[in-house]
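S.K.: What follows is a structure written as structure tokens; I'll ask about it next.
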Amino acid sequence: MARGPLADTGRAAAVALDERAVATGRRIPFRGGRDDSRFWIPVFLLPFLVLYVGFTVWPLVATIVYSLFDWDGVQPLTQFIGVDNYTRILGDPLFWSAFRNTLLFAVLNTVIKLPLTLLVAVLLTRRWLLFKRFFRTVFFLPIILPVALSGLIFTYLLNPSNGALNTFLLEHGLLRQPIDLLGHDNTALLAIVLISVWQIFGQYMLYWMAALTQVPEELYEAADLDGANERQKMFHVTLPLIRPVAVIITLLALVNALHVFGIIVTLTAGGPGRATYVVSYFIYSEAFQNAPFRYGYASAAALIFAVLAFVFVSGQGLLARRAERLRQHYGV
Amino acid sequence: MAVLAPPTAALETPQRRAFRWRRALRLNLIALPLLIIVSFVWAYPFLWVVSTGFKTQLGAFTAGASLVPHPLVTSNFQRAWVGAAFSDFFANTVIYSVSTSLVELAKSAMCGYVLARYRFPGRDLLYRLIIATIFVPVASIIIPQFVLIQNLGLLHSRLGVILAMSGGAGALYVLLFTSYFEHLPQDLFDAARVDGANFVQTFWLVLPLARPIIAVVVIFQFIHSWNDFNVPLIFTLGQPSLQNLAVGLQAFRGSHSLDWAGFAAGMTISFIPVLIVFLVFQGYFVRGLSGAIKG
Amino acid sequence: MVSLKALATAAAAALCVVGCGSGQSSATPSQAPGAPVTLKIQDYSVEQTDFHKQVAAEYHRLNPNVTIEWTSIAQVQYNQSLPLAFSSRQAPDVFYWTNFGPNAMNSLLASGWIQPWTTDATAAADWEKRWPSGSFLNGITLKGGKVYGFPWQDTHYWGPGYMYMNKAVFQQAGLDVSKPPATWSQLSNACKAIKAKTKAYCIAAPMKDTDFQRLWYALAAGRMSDTFFDYKNGRFSLDDPRLVDTFNYIEGLNKNGYLAPGVNDKDFSRQQFAAGQAGIYMDGPWMVSVWAQLGFHSDGYAVAAHPMPDDTPRGALSQRYSQYAYWLSSQSTHQAEAFKFMRWATNPTGFFVQNFLKNSFATLAFADNKKYLTDPAWKSVFRIADTRAFRVLYPEPLLKCPGLADSKAFTMASTTRPNGEWEVMVQNLVNNRDMTADARVLVNMRQAAFETQLQKEQASGLKVSKDCYTFAGWNYDQDFNPANYPKS
């Protein structure tokens with residue numbers, strides 16, 4: 001397979017940075033000089049740890065405890081029911097249907113948003129592009145809208161009765177009948193995926209822009225000198241160098257997509273019927289929508305979901321690593 | 001092979017510069033029209049909200065795709081600002097957003113720095129624990145958080161709200177900082193050590209290099225806090241003097257109807273500071289570690 | 001790794017922190033008269049905020065030592081934050097609560113959230129005279145002779161089942177609003193005319209979340225009932241042939257394109273109607289004030305009763321003993337002042353009533369609504385609701401078996417999958433399918449949970465059974481005679 005002029009440059013750059021990574025303090029304890037790190041390390045860790053233990057770890061432990069009770073969040077915690085909540089959830093077809101929808105949503109959402117946002121981020125950091133600041137702001141705008149508001153807006157915009165989209169398409173003869181995107185099972189989920197990509201675009205664009213700052217300008221100029229075009233620069237300079245951060249960004253993207261909630265509530269309320277039920281909405285509707293709350297039930301569902309999500313994402317990670325190894329093995 | 005050697009100034013001939021200009025022009029001619037069309041479609045819903053703030057309720061409903069208010073009214077803005085006591089909510093929101101951004105920044109930068117560059121007992125465990133807790137949905141752990149704040153006696157205070165708002169999702173910021181700090185070249189630290197810098201001085205020296213991550217953390221935490229609704233609601237029960245915009249805007253949701261136009265006007269007012277923060281922090285995304293490696 | 005001992009300690013700590021936190025203490029005696037008092041009132045009637053300010057100002061003028069702080073937040077958030085307010089001892093003095101219907105008082109007592117409005121029996125008896133006799137029932141508003149709740153909203157006029165017709169659309173379609181469609185087939189014909197002769201849709205029917213109830217209650221009541229529980233036979237009833245028949249009728253309307261497209265929420269559908277994009281909308285009398293806010297007044301629409309099925313069987317809308325709204329919280333230390341305020345507010349001809357009704361917020365159980373609600377739309381509402389068998393008084397299981405005060409069976413069965421009925425119906429409606437199979441699954445789930453719990457409670461000594469929920473001698477379009485409750 002022919003390799004472009006940049007293959008060497010990119011690879012060499014990656015190797016160079018890897019060598020540097022080897023030499024970082026991460027693998028070697030800091031010694032010599034004024035070693036006051038033994039005092040400062042705990043001090044630096046303290047603020048995060050205090051808040052983390054208080055607001056994440058302890059509530060997590062409490063949630064595990066609550067999940068073993070039938071509790072409405074208000075009365076004293078007295079009704080111990082063991083694993084009843086868990087068996088009920090695991091045996092509930094709506095939970096599994098919600099889980100399927102959630103997985104589908106997460107995969108579609110991530111697969112669409114990550115490459116697109118990377119592309120736009122790369123484009124908006126090119127030296128030759130004019131009005132960069134303006135375009136960056138425009139792509140960033142949707143994220144300023146609270147999710148609740150986005151849902152309301154699109155309810156109006158996508159409406160088959162008089163919504164902007166249908167009005168526009170009908171007037172220009174692209175449609176003969178108005179299309180009800182949110183009224184049909186399949187299109188509803190797809191519409192939500194696209195809307196949520198639109199909504200969160202700015203966030204991942206910024207993440208990629210931050211990642212791209214780790215690619216030194218000089219490499220691109222060297223590539224220019226070697227006569228590489230944009231595509232080659234992307235694949236042989238950019239991608240290899242941002243790979244470590246890209247892994248984290250992908251992880252975050254998947255997990256955030258799995259936790260989708262606000263947009264479902266305001267856009268479809270799990271509908272039509274139950275077609276767009278996702279796990280967070282399941283928890284909300286089962287446990288919080290009507291008094292008395294079923295807080296124990298919600299806790300159990302949240303924990304089950306956390307475990308399932310973890311399994312799913314780790315599975316993806318393992319698959320990716322296996323693919324990478326195969327790739328390297330075959331020198332592709 | 002000196003692949004990383006920058007092109008020397010000597011090669012910047014007039015012909016090269018001209019070539020670059022022509023190339024830039026060509027690329028812009030292709031990219032700009034495309035971007036402008038995409039931008040308009042992209043920003044359309046946002047523009048729709050702003051224009052709805054200027055419409056009457058029924059006017060907004062019958063407008064279809066049109067962005068032009070017909071008739072044009074400003075009463076919604078008046079209603080939002082005066083009637084909904086916006087100025088108070090505004091002040092609170094600013095306080096919460098700025099404070100939580102600073103708190104999140106400080107704690108994640110410090111923790112990320114230590115996690116990235118030092119080995120200590122429990123380091124790996126802590127890192128894995130942080131990653132694992134990303135999987136827990138935050139919304140379902142709010143009641144224990146409430147109990148904690150209550151037991152600390154902070155329920156009637158802004159401090160309690162700020163703590164609650166910055167206690168939650170710091171994990172991902174720590175991960176970002178950790179990753180970034182991990183990949184800084186060792187030369188920096190060696191140079192600092194040679195100059196006799198202690199722990200804190202080294203940190204202070206290295207921190208500005210993480211400007212892109214700082215920008216990310218500040219922007220996101222600011223926006224998240226600005227729009228955050230659930231946490232401030234639970235922690236400011238029945239205390240309007242402590243509430244922020246997102247909670248206050250719920251005043252437009254009557255039990256039987258939604259004052260859409262007023263809501264849109266209120267949202268438009270609340271967008272402005274967020275936009276300003278973004279515009280200000282945008283500049284930190286300048287590519288390259290220029291200045292970091294002293295040749 | 002974390003040791004088991006540490007985990008156990010943490011668990012115990014968690015239990016204690018939470019369990020120990022929701023203590024319930026009785027209210028301390030009120031302060032001396034004349035001392036400055038602040039009364040905190042909370043509810044979710046956000047649209048009444050300006051009115052609340054007026055009330056506070058007026059009451060303060062009359063009672064300078066009392067300041068009223070009346071806050072309203074959106075309903076969903078209110079339901080979440082009120083329990084937390086109680087558990088953190090920040091509860092207001094007076095709060096609004098209508099969950100659990102007729103069982104509200106019992107559940108609030110069980111949570112320890114309320115205290116009686118007054119311990120003075122004479123003052124209470126005197127106050128009760130403002131309501132029609134029989135409004136205060138033991139087990140629903142009274143316990144041990146003390147008044148915990150009182151009817152706030154009237155339940156005769158206030159409820160679903162009215163059909164609003166847009167005059168402009170009807171005129172364009174060649175229809176006469178003074179001769180509204182009275183049967184299902186007439187409704188279909190009217191829709192045919194509207195579809196053919198106008199650009200508007202016939203019926204603006206929301207379907208998002210639980211909003212399908214707007215259309216459903218009106219039509220289902222005509223065939224059987226607007227409740228999902230069959231009080232005649234003591235079972236959940238979505239799969240009852242009568243309700244299935246109603247659903248099929250609506251599905252037929254949808255297939256013919258008579259329902260406005262899109263899975264919309266009620267705000268959207270209401271605006272559709274007000275903007276003349278739909279000819280018919282069905283809902284309750286609150287629409288009068290909602291549309292007034294949109295600038296749409298009763299010169300633009302007319303009100304009629306919902307159409308009835310052409311043939312038997314027929315049913316009616318339900319009227320329940322369940323519109324208790326404001327309660328005095330157990331954490332309040334101003335019982336006397338709060339009761340004084342409430343007595344002032346419930347004066348049938350007083351400031352509060354006059355201005356409340358002037359805004360058309362609701363109809364009140366203690367006021368002469370017809371005197372103050374004079375809008376032509378209201379006149380139609382009163383006329384319609386006073387028609388025989390439009391809305392009938394339903395039997396109340398709690399009055400048949402007082403032991404139900406401690407029963408959780410019905411609540412459990414109906415709050416598992418709380419929106420199940422709406423989800424089943426909308427899912428099948430948008431896909432043009434028959435809902436019987438899905439309905440049966442849901443009903444079986446509810447009924448099984450209901451009966452199992454009842455049996456458990458019966459076994460533990462509670463005097464409850466499914467028979468408490470069965471009123472075989474009653475029919476859906478009849479008022480239930482309260483004399484038929486067993487004497488206790």
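All residue names refer to the structure tokens as shown: chains lettered A, B, ... in order, residues numbered from 1 in each chain, ligands numbered from 1 in order.
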Taking the DSSP assignment computed from this structure's backbone, write out as a ChimeraX atom specification all residues of segment 199-444 of chain C that belong to strand (DSSP E).
M.R.: /C:201-203,229-230,235-236,278-283,301-305,317-319,326-328,391-393
S.K.: Within 8 Å of chain C, which residues of chain A show up when using only C-alpha atoms, listed as a ChimeraX atom specification?
M.R.: /A:61-62,65,73-77,155,159-161,180,182-184,268-275,285-286,288-291
S.K.: What does the structure give for the distance between atom CA of Ser314 of chain A and atom CA of Val216 of chain B, in Å to one decimal?
M.R.: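 Atom-to-atom, atom CA of Ser314 of chain A and atom CA of Val216 of chain B are spaced 25.7 Å apart.
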S.K.: Would you give me, as a PyMOL selection string, the residues of chain C that come within 10 Å of chain B, using only C-alpha atoms?
M.R.: chain C and resi 1+14+17-18+21+40-42+44-50+70-78+80-82+84-85+87-92+266-268+270-272+274-277+286-287+289-291+293-296+361
S.K.: Can you work out which one of A:Lys113, A:Arg133, A:Arg176, A:Arg321 has the shortest atom-to-atom distance to chain B, counting only C-alpha atoms?
M.R.: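 Closest candidate: A:Arg133.
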S.K.: Taking 3 positions as the minimum chain separation for residues in the same chain, which residues sit within 9 Å of segment 399-404 of chain C when counting only C-alpha atoms? Answer as a VMD selection string.
M.R.: chain C and resid 103 137 to 140 395 to 396 407 to 409 462 to 465 468 to 469 482 484 to 488
S.K.: Would you please work out which residue, of C:Asp211, C:Asp283, C:Asp311, C:Asp239, is nearest to Arg446 of chain C when using only C-alpha atoms?
M.R.: C:Asp239
S.K.: Write out as a PyMOL selection string the residues lying within 8 Å of Ser196 of chain A, counting only C-alpha atoms and excluding same-chain residues fewer than 3 positions away.
M.R.: chain A and resi 109+192-193+199-200+263
S.K.: Do you know which residues are at most 12 Å from Arg130 of chain C counting only C-alpha atoms, after dropping those on the same chain fewer than 3 positions away, and could you put them as a ChimeraX atom specification?
M.R.: /C:124-127,133-136,150-152,343-349,364-368
S.K.: Next, write the just-selected residues to a file, as an mmCIF file, in the first residue's frame, keeping N, CA and C atoms as the atom set.
M.R.:
data_model
loop_
_atom_site.group_PDB
_atom_site.id
_atom_site.type_symbol
_atom_site.label_atom_id
_atom_site.label_comp_id
_atom_site.auth_asym_id
_atom_site.auth_seq_id
_atom_site.Cartn_x
_atom_site.Cartn_y
_atom_site.Cartn_z
ATOM 1 N N ALA C 124 -64.618 26.195 64.227
ATOM 2 C CA ALA C 124 -64.593 25.310 63.072
ATOM 3 C C ALA C 124 -66.001 25.096 62.532
ATOM 4 N N ALA C 125 -66.953 24.801 63.447
ATOM 5 C CA ALA C 125 -68.328 24.540 63.003
ATOM 6 C C ALA C 125 -68.898 25.757 62.282
ATOM 7 N N ASP C 126 -68.594 26.911 62.808
ATOM 8 C CA ASP C 126 -69.089 28.148 62.230
ATOM 9 C C ASP C 126 -68.532 28.342 60.809
ATOM 10 N N TRP C 127 -67.274 28.045 60.666
ATOM 11 C CA TRP C 127 -66.579 28.193 59.385
ATOM 12 C C TRP C 127 -67.125 27.195 58.365
ATOM 13 N N SER C 133 -73.752 21.379 53.106
ATOM 14 C CA SER C 133 -73.607 20.355 54.139
ATOM 15 C C SER C 133 -73.126 19.062 53.492
ATOM 16 N N GLY C 134 -72.354 18.317 54.244
ATOM 17 C CA GLY C 134 -71.824 17.083 53.683
ATOM 18 C C GLY C 134 -70.476 17.283 53.019
ATOM 19 N N SER C 135 -69.947 18.514 53.068
ATOM 20 C CA SER C 135 -68.647 18.750 52.437
ATOM 21 C C SER C 135 -67.508 18.284 53.323
ATOM 22 N N PHE C 136 -67.765 18.231 54.621
ATOM 23 C CA PHE C 136 -66.703 17.835 55.532
ATOM 24 C C PHE C 136 -66.977 16.421 55.990
ATOM 25 N N PHE C 150 -60.058 21.353 53.765
ATOM 26 C CA PHE C 150 -61.364 21.890 53.412
ATOM 27 C C PHE C 150 -61.423 21.997 51.893
ATOM 28 N N PRO C 151 -62.631 21.824 51.355
ATOM 29 C CA PRO C 151 -62.733 21.863 49.885
ATOM 30 C C PRO C 151 -62.380 23.245 49.376
ATOM 31 N N TRP C 152 -61.506 23.300 48.398
ATOM 32 C CA TRP C 152 -61.083 24.589 47.863
ATOM 33 C C TRP C 152 -61.756 24.836 46.525
ATOM 34 N N ARG C 343 -59.763 32.070 57.044
ATOM 35 C CA ARG C 343 -61.175 32.454 57.234
ATOM 36 C C ARG C 343 -61.472 33.709 56.439
ATOM 37 N N TRP C 344 -60.536 34.631 56.441
ATOM 38 C CA TRP C 344 -60.704 35.868 55.676
ATOM 39 C C TRP C 344 -60.765 35.563 54.182
ATOM 40 N N ALA C 345 -59.884 34.657 53.747
ATOM 41 C CA ALA C 345 -59.817 34.364 52.311
ATOM 42 C C ALA C 345 -61.063 33.634 51.834
ATOM 43 N N THR C 346 -61.620 32.790 52.691
ATOM 44 C CA THR C 346 -62.755 31.985 52.224
ATOM 45 C C THR C 346 -64.083 32.688 52.452
ATOM 46 N N ASN C 347 -64.061 33.951 52.747
ATOM 47 C CA ASN C 347 -65.301 34.715 52.840
ATOM 48 C C ASN C 347 -65.964 34.734 51.460
ATOM 49 N N PRO C 348 -67.186 34.190 51.361
ATOM 50 C CA PRO C 348 -67.773 33.991 50.031
ATOM 51 C C PRO C 348 -67.955 35.276 49.246
ATOM 52 N N THR C 349 -67.990 36.421 49.924
ATOM 53 C CA THR C 349 -68.165 37.660 49.169
ATOM 54 C C THR C 349 -67.015 38.612 49.417
ATOM 55 N N LEU C 364 -64.639 28.183 42.873
ATOM 56 C CA LEU C 364 -64.346 27.888 44.267
ATOM 57 C C LEU C 364 -65.528 27.211 44.942
ATOM 58 N N ALA C 365 -65.221 26.288 45.837
ATOM 59 C CA ALA C 365 -66.276 25.507 46.478
ATOM 60 C C ALA C 365 -67.070 26.320 47.485
ATOM 61 N N PHE C 366 -66.523 27.435 47.943
ATOM 62 C CA PHE C 366 -67.194 28.185 49.006
ATOM 63 C C PHE C 366 -67.755 29.510 48.501
ATOM 64 N N ALA C 367 -67.737 29.703 47.202
ATOM 65 C CA ALA C 367 -68.174 30.997 46.678
ATOM 66 C C ALA C 367 -69.367 30.832 45.759
ATOM 67 N N ASP C 368 -70.042 31.920 45.538
ATOM 68 C CA ASP C 368 -71.134 31.919 44.580
ATOM 69 C C ASP C 368 -70.524 32.224 43.221
#
S.K.: At a cut-off of 9 Å, using only C-alpha atoms, what residues contact segment 92-95 of chain A? Leave out same-chain residues fewer than 4 positions from it and give the result as a list of chain:residue names.
M.R.: A:Thr87, A:Arg88, A:Phe99, A:Arg100, A:Arg274, A:Tyr277, A:Val278, A:Val279, A:Phe282, A:Ile283, A:Ala301
S.K.: For the helix (DSSP H, G or I) assignment from backbone DSSP, which residues of segment 218-302 of chain A qualify? Please present them as a ChimeraX atom specification.
M.R.: /A:218-225,230-258,262-267,279-287,295-302
S.K.: Fewer than 2 positions away in the same chain doesn't count, so skip those; otherwise give me all residues within 8 Å of Val37 of chain C, counting only C-alpha atoms, as a VMD selection string.
M.R.: chain C and resid 35 39 65 to 67 334 337
S.K.: Hey, can you check how far atom CA of Gly122 of chain B sits from atom CA of Val255 of chain A?
M.R.: 25.0 Å
S.K.: Counting only C-alpha atoms, which of A:Leu181, A:Leu165, A:Ala106, A:Leu190 gets nearest to chain B?
M.R.: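 For chain B, the nearest of the given residues is A:Leu165.
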S.K.: Which residue gives the smallest distance to chain B among A:Glu218, A:Asp226, A:Asp185, A:Asp70, with only C-alpha atoms counted?
M.R.: A:Glu218
